[in-house]
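Okay, query_2.pdb is below, PDB, C-alpha atoms:
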ATOM      1  CA  MET A 101      45.417 -77.726 -25.025  1.00  0.00           C
ATOM      2  CA  LYS A 102      46.286 -76.525 -21.555  1.00  0.00           C
ATOM      3  CA  PHE A 103      45.520 -78.495 -18.449  1.00  0.00           C
ATOM      4  CA  PRO A 104      42.452 -77.400 -16.523  1.00  0.00           C
ATOM      5  CA  PRO A 105      43.124 -74.659 -13.975  1.00  0.00           C
ATOM      6  CA  MET A 106      42.924 -75.203 -10.256  1.00  0.00           C
ATOM      7  CA  SER A 107      39.379 -75.847  -9.106  1.00  0.00           C
ATOM      8  CA  LEU A 108      37.597 -73.383  -6.866  1.00  0.00           C
ATOM      9  CA  SER A 109      37.398 -75.922  -4.044  1.00  0.00           C
ATOM     10  CA  GLU A 110      41.162 -76.571  -4.323  1.00  0.00           C
ATOM     11  CA  PHE A 111      41.812 -72.827  -4.271  1.00  0.00           C
ATOM     12  CA  LYS A 112      39.613 -72.371  -1.177  1.00  0.00           C
ATOM     13  CA  ARG A 113      41.374 -75.279   0.540  1.00  0.00           C
ATOM     14  CA  ARG A 114      44.789 -73.658  -0.016  1.00  0.00           C
ATOM     15  CA  ARG A 115      43.653 -70.179   0.982  1.00  0.00           C
ATOM     16  CA  LYS A 116      44.682 -68.784   4.366  1.00  0.00           C
ATOM     17  CA  PRO A 117      41.971 -67.177   6.495  1.00  0.00           C
ATOM     18  CA  ILE A 118      41.920 -63.376   6.711  1.00  0.00           C
ATOM     19  CA  ARG A 119      43.406 -62.043   9.946  1.00  0.00           C
ATOM     20  CA  ASP A 120      41.725 -59.533  12.242  1.00  0.00           C
ATOM     21  CA  VAL A 121      44.730 -57.285  12.849  1.00  0.00           C
ATOM     22  CA  ASN A 122      42.836 -54.975  15.207  1.00  0.00           C
ATOM     23  CA  LYS A 123      42.078 -57.870  17.594  1.00  0.00           C
ATOM     24  CA  GLU A 124      45.670 -59.105  17.393  1.00  0.00           C
ATOM     25  CA  ILE A 125      47.080 -55.671  18.251  1.00  0.00           C
ATOM     26  CA  LYS A 126      44.625 -55.139  21.129  1.00  0.00           C
ATOM     27  CA  SER A 127      45.443 -58.523  22.626  1.00  0.00           C
ATOM     28  CA  GLN A 128      49.181 -57.712  22.603  1.00  0.00           C
ATOM     29  CA  MET A 129      48.823 -54.314  24.289  1.00  0.00           C
ATOM     30  CA  THR A 130      49.854 -53.889  27.911  1.00  0.00           C
ATOM     31  CA  ARG A 131      48.058 -51.660  30.413  1.00  0.00           C
ATOM     32  CA  VAL A 132      50.776 -49.038  30.009  1.00  0.00           C
ATOM     33  CA  ASP A 133      50.272 -49.099  26.218  1.00  0.00           C
ATOM     34  CA  ARG A 134      46.510 -48.674  26.650  1.00  0.00           C
ATOM     35  CA  PHE A 135      47.109 -45.801  29.098  1.00  0.00           C
ATOM     36  CA  ALA A 136      49.473 -44.079  26.629  1.00  0.00           C
ATOM     37  CA  LEU A 137      46.876 -44.451  23.875  1.00  0.00           C
ATOM     38  CA  TRP A 138      44.165 -43.104  26.173  1.00  0.00           C
ATOM     39  CA  ILE A 139      46.326 -40.040  26.945  1.00  0.00           C
ATOM     40  CA  THR A 140      47.182 -39.590  23.247  1.00  0.00           C
ATOM     41  CA  ASP A 141      43.538 -39.838  22.224  1.00  0.00           C
ATOM     42  CA  ARG A 142      42.374 -37.331  24.860  1.00  0.00           C
ATOM     43  CA  VAL A 143      45.240 -34.818  24.897  1.00  0.00           C
ATOM     44  CA  GLY A 144      45.465 -34.671  21.122  1.00  0.00           C
ATOM     45  CA  THR A 145      41.992 -33.108  20.770  1.00  0.00           C
ATOM     46  CA  MET A 146      40.751 -29.575  20.349  1.00  0.00           C
ATOM     47  CA  SER A 147      38.559 -30.062  23.425  1.00  0.00           C
ATOM     48  CA  PHE A 148      41.608 -30.589  25.627  1.00  0.00           C
ATOM     49  CA  PHE A 149      43.323 -27.593  24.056  1.00  0.00           C
ATOM     50  CA  LEU A 150      40.255 -25.409  24.625  1.00  0.00           C
ATOM     51  CA  ILE A 151      39.948 -26.541  28.253  1.00  0.00           C
ATOM     52  CA  ILE A 152      43.598 -25.631  28.940  1.00  0.00           C
ATOM     53  CA  PHE A 153      43.273 -22.361  27.008  1.00  0.00           C
ATOM     54  CA  VAL A 154      40.065 -21.276  28.769  1.00  0.00           C
ATOM     55  CA  TRP A 155      41.470 -22.260  32.180  1.00  0.00           C
ATOM     56  CA  THR A 156      44.654 -20.234  31.536  1.00  0.00           C
ATOM     57  CA  VAL A 157      42.720 -17.176  30.313  1.00  0.00           C
ATOM     58  CA  LEU A 158      40.348 -17.307  33.303  1.00  0.00           C
ATOM     59  CA  TRP A 159      43.164 -17.846  35.788  1.00  0.00           C
ATOM     60  CA  LEU A 160      45.300 -15.036  34.367  1.00  0.00           C
ATOM     61  CA  GLY A 161      42.330 -12.723  33.847  1.00  0.00           C
ATOM     62  CA  TRP A 162      41.060 -13.211  37.394  1.00  0.00           C
ATOM     63  CA  ASN A 163      44.480 -12.695  38.963  1.00  0.00           C
ATOM     64  CA  LEU A 164      45.238  -9.628  36.856  1.00  0.00           C
ATOM     65  CA  LEU A 165      41.831  -7.880  36.715  1.00  0.00           C
ATOM     66  CA  ALA A 166      40.000  -8.845  39.916  1.00  0.00           C
ATOM     67  CA  PRO A 167      40.246  -6.577  42.977  1.00  0.00           C
ATOM     68  CA  PRO A 168      43.412  -7.406  44.962  1.00  0.00           C
ATOM     69  CA  ALA A 169      41.355  -8.742  47.881  1.00  0.00           C
ATOM     70  CA  LEU A 170      39.702 -11.348  45.574  1.00  0.00           C
ATOM     71  CA  GLN A 171      42.861 -12.455  43.728  1.00  0.00           C
ATOM     72  CA  PHE A 172      43.861 -15.920  44.914  1.00  0.00           C
ATOM     73  CA  ASP A 173      47.457 -15.919  43.604  1.00  0.00           C
ATOM     74  CA  PRO A 174      50.125 -13.380  44.365  1.00  0.00           C
ATOM     75  CA  PRO A 175      51.914 -11.858  41.363  1.00  0.00           C
ATOM     76  CA  MET A 176      54.570 -14.593  41.572  1.00  0.00           C
ATOM     77  CA  GLY A 177      51.812 -17.151  41.001  1.00  0.00           C
ATOM     78  CA  PHE A 178      52.137 -16.538  37.273  1.00  0.00           C
ATOM     79  CA  VAL A 179      55.705 -17.805  37.331  1.00  0.00           C
ATOM     80  CA  PHE A 180      54.499 -20.842  39.285  1.00  0.00           C
ATOM     81  CA  TRP A 181      51.760 -21.417  36.665  1.00  0.00           C
ATOM     82  CA  LEU A 182      54.369 -21.279  33.868  1.00  0.00           C
ATOM     83  CA  PHE A 183      56.488 -23.804  35.767  1.00  0.00           C
ATOM     84  CA  ILE A 184      53.496 -26.143  36.192  1.00  0.00           C
ATOM     85  CA  SER A 185      52.475 -25.829  32.532  1.00  0.00           C
ATOM     86  CA  ASN A 186      56.040 -26.584  31.424  1.00  0.00           C
ATOM     87  CA  LEU A 187      56.107 -29.586  33.747  1.00  0.00           C
ATOM     88  CA  ILE A 188      52.832 -30.825  32.231  1.00  0.00           C
ATOM     89  CA  GLN A 189      54.303 -30.429  28.743  1.00  0.00           C
ATOM     90  CA  ILE A 190      57.462 -32.285  29.712  1.00  0.00           C
ATOM     91  CA  LEU A 191      55.387 -35.184  31.044  1.00  0.00           C
ATOM     92  CA  LEU A 192      52.799 -35.240  28.260  1.00  0.00           C
ATOM     93  CA  MET A 193      55.131 -35.106  25.267  1.00  0.00           C
ATOM     94  CA  PRO A 194      56.799 -38.491  25.891  1.00  0.00           C
ATOM     95  CA  LEU A 195      53.399 -40.052  26.635  1.00  0.00           C
ATOM     96  CA  ILE A 196      51.973 -38.669  23.411  1.00  0.00           C
ATOM     97  CA  MET A 197      55.004 -39.901  21.484  1.00  0.00           C
ATOM     98  CA  VAL A 198      54.637 -43.383  23.002  1.00  0.00           C
ATOM     99  CA  GLY A 199      50.969 -43.395  22.004  1.00  0.00           C
ATOM    100  CA  GLN A 200      51.849 -42.274  18.491  1.00  0.00           C
ATOM    101  CA  ASN A 201      54.462 -45.024  18.228  1.00  0.00           C
ATOM    102  CA  ILE A 202      51.856 -47.601  19.246  1.00  0.00           C
ATOM    103  CA  GLN A 203      49.393 -46.154  16.741  1.00  0.00           C
ATOM    104  CA  GLY A 204      52.144 -46.276  14.097  1.00  0.00           C
ATOM    105  CA  LYS A 205      52.782 -49.971  14.806  1.00  0.00           C
ATOM    106  CA  HIS A 206      49.048 -50.593  14.558  1.00  0.00           C
ATOM    107  CA  ALA A 207      48.929 -48.755  11.224  1.00  0.00           C
ATOM    108  CA  ASP A 208      51.891 -50.804   9.959  1.00  0.00           C
ATOM    109  CA  ALA A 209      50.126 -54.048  10.931  1.00  0.00           C
ATOM    110  CA  ARG A 210      46.950 -52.904   9.155  1.00  0.00           C
ATOM    111  CA  ALA A 211      48.974 -51.995   6.056  1.00  0.00           C
ATOM    112  CA  GLU A 212      50.631 -55.423   6.094  1.00  0.00           C
ATOM    113  CA  ASN A 213      47.213 -57.045   6.412  1.00  0.00           C
ATOM    114  CA  ASP A 214      45.931 -54.927   3.502  1.00  0.00           C
ATOM    115  CA  LEU A 215      48.861 -56.174   1.432  1.00  0.00           C
ATOM    116  CA  ASP A 216      47.965 -59.787   2.329  1.00  0.00           C
ATOM    117  CA  VAL A 217      44.345 -59.192   1.299  1.00  0.00           C
ATOM    118  CA  ASN A 218      45.475 -57.596  -1.977  1.00  0.00           C
ATOM    119  CA  ILE A 219      47.763 -60.547  -2.715  1.00  0.00           C
ATOM    120  CA  LYS A 220      44.878 -62.949  -2.047  1.00  0.00           C
ATOM    121  CA  ALA A 221      42.620 -60.912  -4.338  1.00  0.00           C
ATOM    122  CA  GLU A 222      45.274 -61.010  -7.046  1.00  0.00           C
ATOM    123  CA  GLN A 223      45.542 -64.797  -6.690  1.00  0.00           C
ATOM    124  CA  GLU A 224      41.770 -65.143  -6.946  1.00  0.00           C
ATOM    125  CA  ILE A 225      41.714 -62.967 -10.062  1.00  0.00           C
ATOM    126  CA  GLU A 226      44.481 -65.094 -11.544  1.00  0.00           C
ATOM    127  CA  VAL A 227      42.420 -68.243 -10.930  1.00  0.00           C
ATOM    128  CA  VAL A 228      39.392 -66.609 -12.600  1.00  0.00           C
ATOM    129  CA  LEU A 229      41.540 -65.572 -15.574  1.00  0.00           C
ATOM    130  CA  HIS A 230      42.907 -69.105 -15.907  1.00  0.00           C
ATOM    131  CA  HIS A 231      39.336 -70.429 -15.902  1.00  0.00           C
ATOM    132  CA  LEU A 232      38.309 -67.928 -18.578  1.00  0.00           C
ATOM    133  CA  GLU A 233      41.338 -68.796 -20.704  1.00  0.00           C
ATOM    134  CA  TYR A 234      40.563 -72.503 -20.347  1.00  0.00           C
ATOM    135  CA  GLN A 235      36.913 -71.929 -21.285  1.00  0.00           C
ATOM    136  CA  ASN A 236      38.020 -69.870 -24.273  1.00  0.00           C
ATOM    137  CA  THR A 237      40.273 -72.713 -25.428  1.00  0.00           C
ATOM    138  CA  LEU A 238      37.428 -75.198 -25.037  1.00  0.00           C
ATOM    139  CA  LEU A 239      34.983 -72.984 -26.966  1.00  0.00           C
ATOM    140  CA  ILE A 240      37.442 -72.519 -29.834  1.00  0.00           C
ATOM    141  CA  ALA A 241      38.072 -76.274 -29.969  1.00  0.00           C
ATOM    142  CA  MET A 242      34.305 -76.959 -30.021  1.00  0.00           C
ATOM    143  CA  MET A 243      33.759 -74.388 -32.778  1.00  0.00           C
ATOM    144  CA  GLU A 244      36.551 -75.877 -34.881  1.00  0.00           C
ATOM    145  CA  LYS A 245      35.118 -79.377 -34.390  1.00  0.00           C
ATOM    146  CA  MET A 246      31.736 -78.100 -35.596  1.00  0.00           C
ATOM    147  CA  GLY A 247      33.437 -76.595 -38.654  1.00  0.00           C
ATOM    148  CA  VAL A 248      32.843 -72.972 -37.671  1.00  0.00           C
ATOM    149  CA  LYS A 249      35.713 -70.586 -38.261  1.00  0.00           C
ATOM    150  CA  VAL A 250      36.489 -68.362 -35.287  1.00  0.00           C
ATOM    151  CA  GLU A 251      37.430 -65.452 -37.561  1.00  0.00           C
ATOM    152  CA  ASP A 252      33.979 -65.542 -39.218  1.00  0.00           C
ATOM    153  CA  VAL A 253      32.223 -65.410 -35.849  1.00  0.00           C
ATOM    154  CA  LEU A 254      34.472 -62.612 -34.565  1.00  0.00           C
ATOM    155  CA  SER A 255      34.003 -60.526 -37.728  1.00  0.00           C
ATOM    156  CA  SER A 256      30.207 -60.809 -37.438  1.00  0.00           C
ATOM    157  CA  VAL A 257      30.287 -59.427 -33.905  1.00  0.00           C
ATOM    158  CA  LYS A 258      30.588 -55.669 -34.091  1.00  0.00           C
ATOM    159  CA  PRO A 259      31.843 -53.798 -31.060  1.00  0.00           C
ATOM    160  CA  GLU A 260      29.765 -50.819 -30.018  1.00  0.00           C
TER
END
Written form, structure tokens:
Amino acid sequence: MKFPPMSLSEFKRRRKPIRDVNKEIKSQMTRVDRFALWITDRVGTMSFFLIIFVWTVLWLGWNLLAPPALQFDPPMGFVFWLFISNLIQILLMPLIMVGQNIQGKHADARAENDLDVNIKAEQEIEVVLHHLEYQNTLLIAMMEKMGVKVEDVLSSVKPE
């Protein structure tokens, strides 16, 4: 007969508490990291894209179609607008990439935590299986002591 499996109280005593990865990541972030994430979260939306698109269409439309007296940019203003938009792109791309890197690290930490939780669940299942195996051994021993054959009992039980 096998030795009894680990008790539930012993298992709980050995078990490590589950980590809150989101709190850990937030507590380690600097102001610059939070700013990069803020930019990434805002700039990477359709709303931001639509605002820039509508602004560009209005600006170009007004300066191309309005009467010359009401146009606020000379024809060279378009070149200036392209320069400014390129400058914005040059500044935003590294910020977005920094934010994505931070989000990637956060995702990696969550995945590692998920692995830890899965390992704990597997250990708990193993303890339950050991308990079931031990109970099965005890039941068979009790049946044999009572003179009941296990094969007779199993043959009388018909699976559905």
Nearest-residue call for Val132 in chain A, choices A:Leu195, A:Leu165, A:Asp120, A:Ala211, using all atoms listed in the file: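 Under the stated criterion, the closest residue is A:Leu195.
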Pairwise distance for CA of Gly144 in chain A and CA of Ala209 in chain A, rounded to one decimal in Å: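 CA of Gly144 in chain A sits 22.4 Å away from CA of Ala209 in chain A.
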Interatomic distance (Å, one decimal) between CA of Thr140 in chain A and CA of Leu187 in chain A: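 These two atoms are separated by 17.0 Å.
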Computed interatomic separation between CA of Asp133 in chain A and CA of Val121 in chain A (Å):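 CA of Asp133 in chain A sits 16.6 Å away from CA of Val121 in chain A.
Compared by their closest atoms to Gly204 in chain A, and using only C-alpha atoms, the residues A:Val248, A:Val228, A:Val253, A:Leu137 rank with A:Leu137 nearest.
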A:Ile219, A:Leu229, A:Leu182, A:Met243 ranked by distance to Lys116 in chain A, top pick (using only C-alpha atoms):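 Smallest separation from Lys116 in chain A among the options: A:Ile219.
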Option closest in space to Ile125 in chain A, from A:Met197, A:Leu158, A:Leu170, A:Ala207 [counting all atoms listed in the file]: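 Using all atoms listed in the file, Ile125 in chain A sits closest to A:Ala207.
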Shell around Trp159 in chain A at 12 Å using all atoms listed in the file, local window under 4 positions removed, as a PyMOL selection string: chain A and resi 151-155+163-166+171-175+177-178+181-182
Output the selection as a compact mmCIF listing (two decimals), in the coordinates of the input - C-alpha atoms for each residue.
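Final output, saved to out29.txt:
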# COMPACT_ATOMS: atom_id res chain seq x y z
CA ILE A 151 39.95 -26.54 28.25
CA ILE A 152 43.60 -25.63 28.94
CA PHE A 153 43.27 -22.36 27.01
CA VAL A 154 40.06 -21.28 28.77
CA TRP A 155 41.47 -22.26 32.18
CA ASN A 163 44.48 -12.70 38.96
CA LEU A 164 45.24 -9.63 36.86
CA LEU A 165 41.83 -7.88 36.72
CA ALA A 166 40.00 -8.85 39.92
CA GLN A 171 42.86 -12.46 43.73
CA PHE A 172 43.86 -15.92 44.91
CA ASP A 173 47.46 -15.92 43.60
CA PRO A 174 50.12 -13.38 44.36
CA PRO A 175 51.91 -11.86 41.36
CA GLY A 177 51.81 -17.15 41.00
CA PHE A 178 52.14 -16.54 37.27
CA TRP A 181 51.76 -21.42 36.66
CA LEU A 182 54.37 -21.28 33.87
Among the residues A:Ile188, A:Ile196, A:Ile240, A:Asn122, the one that comes closest to Val143 in chain A [using only C-alpha atoms]: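 Among A:Ile188, A:Ile196, A:Ile240, A:Asn122, it is A:Ile196 that comes nearest to Val143 in chain A.
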Starting from the incomplete input, reconstruct N, CA and C atoms of range 133-144 of chain A and report them as a PDB file, in the coordinates of the input.
ATOM      1  N   ASP A 133      50.543 -49.479  27.609  1.00  0.00           N
ATOM      2  CA  ASP A 133      50.272 -49.099  26.218  1.00  0.00           C
ATOM      3  C   ASP A 133      48.867 -48.512  26.087  1.00  0.00           C
ATOM      4  N   ARG A 134      47.888 -49.175  26.723  1.00  0.00           N
ATOM      5  CA  ARG A 134      46.510 -48.674  26.650  1.00  0.00           C
ATOM      6  C   ARG A 134      46.398 -47.300  27.314  1.00  0.00           C
ATOM      7  N   PHE A 135      47.123 -47.100  28.425  1.00  0.00           N
ATOM      8  CA  PHE A 135      47.109 -45.801  29.098  1.00  0.00           C
ATOM      9  C   PHE A 135      47.716 -44.725  28.191  1.00  0.00           C
ATOM     10  N   ALA A 136      48.835 -45.046  27.538  1.00  0.00           N
ATOM     11  CA  ALA A 136      49.473 -44.079  26.629  1.00  0.00           C
ATOM     12  C   ALA A 136      48.535 -43.732  25.477  1.00  0.00           C
ATOM     13  N   LEU A 137      47.841 -44.728  24.948  1.00  0.00           N
ATOM     14  CA  LEU A 137      46.876 -44.451  23.875  1.00  0.00           C
ATOM     15  C   LEU A 137      45.717 -43.609  24.380  1.00  0.00           C
ATOM     16  N   TRP A 138      45.262 -43.884  25.594  1.00  0.00           N
ATOM     17  CA  TRP A 138      44.165 -43.104  26.173  1.00  0.00           C
ATOM     18  C   TRP A 138      44.592 -41.643  26.292  1.00  0.00           C
ATOM     19  N   ILE A 139      45.805 -41.410  26.817  1.00  0.00           N
ATOM     20  CA  ILE A 139      46.326 -40.040  26.945  1.00  0.00           C
ATOM     21  C   ILE A 139      46.433 -39.399  25.561  1.00  0.00           C
ATOM     22  N   THR A 140      47.010 -40.124  24.594  1.00  0.00           N
ATOM     23  CA  THR A 140      47.182 -39.590  23.247  1.00  0.00           C
ATOM     24  C   THR A 140      45.846 -39.225  22.624  1.00  0.00           C
ATOM     25  N   ASP A 141      44.862 -40.102  22.810  1.00  0.00           N
ATOM     26  CA  ASP A 141      43.538 -39.838  22.224  1.00  0.00           C
ATOM     27  C   ASP A 141      42.863 -38.629  22.868  1.00  0.00           C
ATOM     28  N   ARG A 142      43.044 -38.432  24.160  1.00  0.00           N
ATOM     29  CA  ARG A 142      42.374 -37.331  24.860  1.00  0.00           C
ATOM     30  C   ARG A 142      43.124 -36.006  24.713  1.00  0.00           C
ATOM     31  N   VAL A 143      44.446 -36.053  24.911  1.00  0.00           N
ATOM     32  CA  VAL A 143      45.240 -34.818  24.897  1.00  0.00           C
ATOM     33  C   VAL A 143      45.347 -34.262  23.482  1.00  0.00           C
ATOM     34  N   GLY A 144      45.322 -35.123  22.499  1.00  0.00           N
ATOM     35  CA  GLY A 144      45.465 -34.671  21.122  1.00  0.00           C
ATOM     36  C   GLY A 144      44.165 -34.184  20.505  1.00  0.00           C
TER      37      GLY A 144
END
